[in-house]
Amino acid sequence: MAAPQVVEEESPQARRREHRAWYWYDWADSAFQTTALTVFLGPYLTAVATTAAGGEEGFVAFLGLDLRPKAYFTSIVTVSVLLQIVTMPIVGALADHTGRKKQIMGFLAYLGAAATLGFYFVSGDRYLLGGWLFLLANVAFGGARVTYDSFLPQIARADERDAVSSRGWAFGYLGGGLLLALNLALYLSGGIEEGLAVRISLASAGLWWAMFAIIPMLRLRNRPGHAHDATVPRAVSGSLRQLGRTIADLRRYPRTLLFLVAYLLYNDGVQTVISFSSTYAEHELGLGKSTQIGAILMVQFVAFGGALLLGRLALRYGTKRTVLASLVVWTAVVGVAYFLQKGAAIQFFAIAFFIAIVLGGTQALSRSLYSLVIPPGREAEYFSLYQISDKGSAFLGSLVLTLALQVTDSYRTAIISLIVFFVIGFVLLMIVNLPRAIREAGNEVPDHI
């Protein structure tokens, strides 16, 4: 196996070139998240499964289970998240252990892009093809994200990371929103058959991902790894041993672990509010699809400015304070959502606007904070744990919503129950001694945290 390309210079100009290249990957893979995951894929695969089952009352088989068509997509999402939780730590350990971070990220990115392109061929009753392609695409998406995030502490100094992370998130929202707008224009135009429009839109996300991933692949640079195993099996086995050490070593970094728990909780609230918003708008507020789609598009473009705004606020007031302030806004938004009137589209857009302002910044600044409390040279391993916290939060939020709906049969009670995640996350983040956590990890404490 060829030796990885290593860094020869760390000049400001070289860092800025890598910053710009790094932003482009968020632009590239956000198309999969917005066009495929958020809007088109779930309803379309459900329709394909319904055709295969002979109607909504039928069943389809997947992984030995007989599933109702309406449960098919949620089932494969669950399976894909479990696979991500298993594979992401291995990807992270392999990237750090070999030093071939860019090659691993590129392989996974193009694997995911190719699988997404394959959605063009999912039609008729080919629900199994769609399911397997989704599993491949989503697992590759998660693994590539681990390596992508782990570049942040290597390409940016501690005092640059808030700005760099925020610009990456902002660029991603802009790219994902632009392609989604184009695809929605195609879908709503009525010029071509609906199923074909969806398939073209899904395939375009894969093409977008593949095209724009070329830029970071050309400009990002590997850093030396910890080992130089000659064969893939030895590299994998060494990575697994290193992963075990990483998990055991978390006990040596209790404040890093506390930050992870805080992030898991408040990010749980963020992700669940986003995923539940369309259901709340439709079933509780009685708002139509056009209003929901308009809000989704608005969030994408406003979040671009919101991420940059919170990045600037972090520079002035400190990163931790800015994240804590954003959690106060999230708490207020959820509380106000309880009182929204039925059919009040303007009120819904107002809530979506405030969500967009804090959405990207909360995530971007949390990522830059986390990059400070992990040991150098093991970035991908630790970011795999960060991504697992991200994926695991989807389970907790869904569980709370399910229990609230089961007990109260009220969407309003369900949405207000999510406040607990922001409140507990706020308290835990507030008590994390970040300067001490940063020093314990072996990093320099920046001026603004």
# chains A, B, ... in the order shown; residues from 1 in each chain; ligands from 1
>>> residues_around(residues="region 10-15 of chain A", least_positions_apart="2", cutoff="7 Å", atoms="only C-alpha atoms", output="list in words")
Arg17, Glu18, His19, Ile155 and Ala156 of chain A
>>> write_last_selection(atoms="N, CA and C atoms", output="PDB file, in the first residue's frame")
ATOM      1  N   ARG A  17      -6.133  27.707   1.782  1.00  0.00           N
ATOM      2  CA  ARG A  17      -6.518  26.872   0.635  1.00  0.00           C
ATOM      3  C   ARG A  17      -7.270  25.633   1.108  1.00  0.00           C
ATOM      4  N   GLU A  18      -6.797  25.041   2.196  1.00  0.00           N
ATOM      5  CA  GLU A  18      -7.483  23.858   2.723  1.00  0.00           C
ATOM      6  C   GLU A  18      -8.836  24.220   3.329  1.00  0.00           C
ATOM      7  N   HIS A  19      -8.912  25.376   3.960  1.00  0.00           N
ATOM      8  CA  HIS A  19     -10.203  25.818   4.492  1.00  0.00           C
ATOM      9  C   HIS A  19     -11.237  25.865   3.370  1.00  0.00           C
ATOM     10  N   ILE A 155      -6.558  21.427   9.995  1.00  0.00           N
ATOM     11  CA  ILE A 155      -6.400  22.492   9.003  1.00  0.00           C
ATOM     12  C   ILE A 155      -6.591  23.879   9.605  1.00  0.00           C
ATOM     13  N   ALA A 156      -7.090  23.968  10.839  1.00  0.00           N
ATOM     14  CA  ALA A 156      -7.367  25.275  11.447  1.00  0.00           C
ATOM     15  C   ALA A 156      -6.777  25.337  12.844  1.00  0.00           C
TER      16      ALA A 156
END
>>> residues_around(residues="Met105 (chain A)", least_positions_apart="2", cutoff="10 Å", atoms="only C-alpha atoms", output="VMD selection string")
chain A and resid 91 95 100 to 103 107 to 111 140 to 141 143 to 148 213 216 to 217
>>> closest_residue(among="A:Thr331, A:Ser201, A:Asn433, A:Ser123", to="Arg255 (chain A)", atoms="only C-alpha atoms")
A:Asn433
>>> select_by_dssp(residues="region 53-111 of chain A", states="alpha helix (DSSP H)", output="PyMOL selection string")
chain A and resi 53+69-98+101-111
>>> closest_residue(among="A:Gly190, A:Gly294, A:Gly335, A:Pro376", to="Arg412 (chain A)", atoms="only C-alpha atoms")
A:Gly335
>>> closest_residue(among="A:Thr116, A:Gln292, A:Ser150, A:Ser204", to="Ala137 (chain A)", atoms="only C-alpha atoms")
A:Thr116
>>> closest_residue(among="A:Trp208, A:Gly168, A:Leu188, A:Ala350", to="Ala28 (chain A)", atoms="only C-alpha atoms")
A:Trp208
>>> atom_distance(atom1="CA of Gly177 (chain A)", atom2="CA of Tyr263 (chain A)")
25.4 Å
>>> residues_around(residues="Arg161 (chain A)", least_positions_apart="5", cutoff="9 Å", atoms="only C-alpha atoms", output="list in words")
Leu152, Pro153, Ile155, Ala156, Ser166, Leu365, Arg367, Ser368, Leu369, Ser371 and Leu372 of chain A
>>> closest_residue(among="A:Tyr127, A:Phe62, A:Trp209, A:Trp27", to="Leu41 (chain A)", atoms="only C-alpha atoms")
A:Tyr127
>>> closest_residue(among="A:Thr272, A:Asn267, A:Thr78, A:Thr50", to="Ser326 (chain A)", atoms="only C-alpha atoms")
A:Asn267
>>> atom_distance(atom1="CA of Ala332 (chain A)", atom2="CA of Gly361 (chain A)")
16.4 Å
>>> residues_around(residues="Leu82 (chain A)", least_positions_apart="2", cutoff="12 Å", atoms="only C-alpha atoms", output="ChimeraX atom specification")
/A:75-80,84-88,135,138-139,142,388,391-392,394-395
>>> write_last_selection(atoms="all heavy atoms", output="short mmCIF file (atom, residue, chain, number, x, y, z; two decimals), in the first residue's frame")
data_model
loop_
_atom_site.label_atom_id
_atom_site.label_comp_id
_atom_site.auth_asym_id
_atom_site.auth_seq_id
_atom_site.Cartn_x
_atom_site.Cartn_y
_atom_site.Cartn_z
N SER A 75 -37.96 1.71 8.87
CA SER A 75 -37.20 0.52 9.25
C SER A 75 -35.79 0.55 8.68
O SER A 75 -34.81 0.26 9.38
CB SER A 75 -37.92 -0.74 8.78
OG SER A 75 -39.18 -0.87 9.39
N ILE A 76 -35.67 0.92 7.40
CA ILE A 76 -34.32 0.93 6.82
C ILE A 76 -33.50 2.10 7.36
O ILE A 76 -32.28 2.02 7.43
CB ILE A 76 -34.36 0.93 5.28
CG1 ILE A 76 -35.07 2.17 4.73
CG2 ILE A 76 -34.99 -0.33 4.74
CD1 ILE A 76 -35.00 2.27 3.21
N VAL A 77 -34.17 3.19 7.76
CA VAL A 77 -33.44 4.27 8.43
C VAL A 77 -32.85 3.76 9.74
O VAL A 77 -31.68 4.03 10.06
CB VAL A 77 -34.36 5.48 8.68
CG1 VAL A 77 -33.69 6.48 9.63
CG2 VAL A 77 -34.70 6.17 7.37
N THR A 78 -33.65 3.03 10.51
CA THR A 78 -33.17 2.48 11.78
C THR A 78 -31.99 1.55 11.56
O THR A 78 -30.97 1.63 12.27
CB THR A 78 -34.31 1.72 12.48
OG1 THR A 78 -35.40 2.61 12.71
CG2 THR A 78 -33.84 1.15 13.81
N VAL A 79 -32.10 0.65 10.57
CA VAL A 79 -31.00 -0.28 10.28
C VAL A 79 -29.76 0.49 9.86
O VAL A 79 -28.63 0.17 10.28
CB VAL A 79 -31.42 -1.28 9.18
CG1 VAL A 79 -30.23 -2.14 8.75
CG2 VAL A 79 -32.55 -2.17 9.68
N SER A 80 -29.92 1.52 9.03
CA SER A 80 -28.76 2.28 8.56
C SER A 80 -28.07 3.00 9.71
O SER A 80 -26.83 3.10 9.74
CB SER A 80 -29.18 3.29 7.48
OG SER A 80 -29.91 4.36 8.03
N GLN A 84 -24.29 2.58 10.93
CA GLN A 84 -23.39 3.72 11.10
C GLN A 84 -22.70 3.68 12.45
O GLN A 84 -21.49 3.94 12.55
CB GLN A 84 -24.17 5.03 10.97
CG GLN A 84 -24.54 5.42 9.55
CD GLN A 84 -25.34 6.70 9.51
OE1 GLN A 84 -26.10 7.01 10.42
NE2 GLN A 84 -25.17 7.48 8.46
N ILE A 85 -23.45 3.35 13.49
CA ILE A 85 -22.88 3.29 14.83
C ILE A 85 -21.78 2.24 14.92
O ILE A 85 -20.77 2.42 15.61
CB ILE A 85 -24.00 3.02 15.86
CG1 ILE A 85 -24.89 4.27 16.00
CG2 ILE A 85 -23.44 2.63 17.22
CD1 ILE A 85 -26.14 4.06 16.84
N VAL A 86 -21.94 1.14 14.17
CA VAL A 86 -20.93 0.08 14.16
C VAL A 86 -19.72 0.47 13.31
O VAL A 86 -18.57 0.24 13.70
CB VAL A 86 -21.54 -1.24 13.64
CG1 VAL A 86 -20.45 -2.29 13.42
CG2 VAL A 86 -22.59 -1.75 14.62
N THR A 87 -19.97 1.07 12.14
CA THR A 87 -18.88 1.29 11.18
C THR A 87 -18.11 2.58 11.41
O THR A 87 -16.90 2.64 11.12
CB THR A 87 -19.43 1.29 9.75
OG1 THR A 87 -20.46 2.30 9.62
CG2 THR A 87 -20.02 -0.07 9.39
N MET A 88 -18.75 3.62 11.93
CA MET A 88 -18.06 4.91 12.05
C MET A 88 -16.83 4.86 12.96
O MET A 88 -15.79 5.45 12.61
CB MET A 88 -19.03 6.00 12.49
CG MET A 88 -20.00 6.42 11.39
SD MET A 88 -20.97 7.92 11.75
CE MET A 88 -21.83 7.43 13.23
N LEU A 135 -29.19 1.97 2.37
CA LEU A 135 -28.27 1.52 3.41
C LEU A 135 -26.83 1.85 3.05
O LEU A 135 -26.06 2.37 3.87
CB LEU A 135 -28.43 0.02 3.64
CG LEU A 135 -29.73 -0.46 4.29
CD1 LEU A 135 -29.70 -1.98 4.44
CD2 LEU A 135 -29.96 0.19 5.63
N ASN A 138 -26.30 5.83 3.06
CA ASN A 138 -26.32 6.48 4.36
C ASN A 138 -25.14 6.07 5.23
O ASN A 138 -24.59 6.89 5.98
CB ASN A 138 -27.65 6.17 5.08
CG ASN A 138 -28.04 7.27 6.05
OD1 ASN A 138 -27.73 8.44 5.85
ND2 ASN A 138 -28.73 6.90 7.12
N VAL A 139 -24.73 4.81 5.15
CA VAL A 139 -23.55 4.36 5.90
C VAL A 139 -22.30 5.05 5.37
O VAL A 139 -21.44 5.51 6.14
CB VAL A 139 -23.43 2.83 5.84
CG1 VAL A 139 -22.08 2.38 6.42
CG2 VAL A 139 -24.57 2.17 6.62
N GLY A 142 -22.25 8.71 6.55
CA GLY A 142 -21.80 8.85 7.93
C GLY A 142 -20.31 8.68 8.09
O GLY A 142 -19.64 9.44 8.79
N ILE A 388 -21.50 9.36 16.51
CA ILE A 388 -22.38 8.38 17.15
C ILE A 388 -23.35 9.08 18.10
O ILE A 388 -24.54 8.74 18.17
CB ILE A 388 -21.56 7.30 17.89
CG1 ILE A 388 -20.93 6.35 16.87
CG2 ILE A 388 -22.44 6.51 18.88
CD1 ILE A 388 -19.98 5.35 17.48
N LYS A 391 -26.02 10.45 15.91
CA LYS A 391 -26.98 9.45 15.43
C LYS A 391 -27.81 8.88 16.58
O LYS A 391 -29.00 8.63 16.42
CB LYS A 391 -26.24 8.31 14.73
CG LYS A 391 -25.33 8.76 13.60
CD LYS A 391 -26.07 9.57 12.56
CE LYS A 391 -25.12 10.07 11.47
NZ LYS A 391 -25.78 10.96 10.51
N GLY A 392 -27.18 8.67 17.72
CA GLY A 392 -27.90 8.10 18.85
C GLY A 392 -28.99 9.00 19.37
O GLY A 392 -30.01 8.53 19.89
N ALA A 394 -31.13 10.60 17.72
CA ALA A 394 -32.39 10.41 16.99
C ALA A 394 -33.28 9.40 17.71
O ALA A 394 -34.51 9.52 17.71
CB ALA A 394 -32.09 9.94 15.57
N PHE A 395 -32.66 8.41 18.33
CA PHE A 395 -33.42 7.38 19.04
C PHE A 395 -34.10 7.96 20.29
O PHE A 395 -35.28 7.73 20.53
CB PHE A 395 -32.49 6.23 19.43
CG PHE A 395 -33.11 5.25 20.39
CD1 PHE A 395 -34.02 4.30 19.95
CD2 PHE A 395 -32.80 5.29 21.74
CE1 PHE A 395 -34.60 3.40 20.83
CE2 PHE A 395 -33.37 4.40 22.63
CZ PHE A 395 -34.28 3.45 22.17
#
>>> residues_around(residues="Arg378 (chain A)", least_positions_apart="5", cutoff="9 Å", atoms="only C-alpha atoms", output="PyMOL selection string")
chain A and resi 92-93+95-97+150+246+383
>>> closest_atom_pairs(of="region 253-314 of chain A", to="region 344-347 of chain A", cutoff="10 Å", atoms="only C-alpha atoms", output="tab-separated table")
residue	atom	partner	partner_atom	distance
A:Ala281	CA	A:Ala345	CA	8.9
A:Leu285	CA	A:Ala344	CA	7.3
A:Gly286	CA	A:Ala344	CA	8.6
A:Leu287	CA	A:Ala345	CA	6.8
A:Gly288	CA	A:Ala345	CA	9.2
A:Thr291	CA	A:Ala345	CA	6.9
A:Gln292	CA	A:Ala345	CA	9.1
A:Ala295	CA	A:Ala345	CA	9.4
>>> write_last_selection(atoms="N, CA, C and O atoms", output="mmCIF file, in the first residue's frame")
data_model
loop_
_atom_site.group_PDB
_atom_site.id
_atom_site.type_symbol
_atom_site.label_atom_id
_atom_site.label_comp_id
_atom_site.auth_asym_id
_atom_site.auth_seq_id
_atom_site.Cartn_x
_atom_site.Cartn_y
_atom_site.Cartn_z
ATOM 1 N N ALA A 281 -46.676 20.514 11.702
ATOM 2 C CA ALA A 281 -47.327 21.486 10.824
ATOM 3 C C ALA A 281 -48.555 20.895 10.146
ATOM 4 O O ALA A 281 -49.600 21.561 10.027
ATOM 5 N N LEU A 285 -51.265 21.785 13.044
ATOM 6 C CA LEU A 285 -51.549 23.141 12.574
ATOM 7 C C LEU A 285 -52.376 23.162 11.299
ATOM 8 O O LEU A 285 -52.854 24.226 10.889
ATOM 9 N N GLY A 286 -52.502 22.016 10.640
ATOM 10 C CA GLY A 286 -53.310 21.940 9.420
ATOM 11 C C GLY A 286 -52.719 22.684 8.246
ATOM 12 O O GLY A 286 -53.449 23.177 7.368
ATOM 13 N N LEU A 287 -51.409 22.766 8.170
ATOM 14 C CA LEU A 287 -50.742 23.476 7.080
ATOM 15 C C LEU A 287 -50.419 22.510 5.944
ATOM 16 O O LEU A 287 -50.032 21.366 6.175
ATOM 17 N N GLY A 288 -50.544 22.978 4.709
ATOM 18 C CA GLY A 288 -50.355 22.135 3.542
ATOM 19 C C GLY A 288 -48.901 21.932 3.173
ATOM 20 O O GLY A 288 -47.984 22.539 3.737
ATOM 21 N N THR A 291 -46.759 25.030 2.133
ATOM 22 C CA THR A 291 -46.231 25.801 3.269
ATOM 23 C C THR A 291 -45.015 25.106 3.867
ATOM 24 O O THR A 291 -44.005 25.755 4.188
ATOM 25 N N GLN A 292 -45.103 23.785 4.014
ATOM 26 C CA GLN A 292 -43.981 23.031 4.570
ATOM 27 C C GLN A 292 -42.744 23.138 3.687
ATOM 28 O O GLN A 292 -41.624 23.344 4.172
ATOM 29 N N ALA A 295 -41.183 26.520 3.948
ATOM 30 C CA ALA A 295 -40.435 26.672 5.198
ATOM 31 C C ALA A 295 -39.094 25.952 5.127
ATOM 32 O O ALA A 295 -38.078 26.474 5.612
#
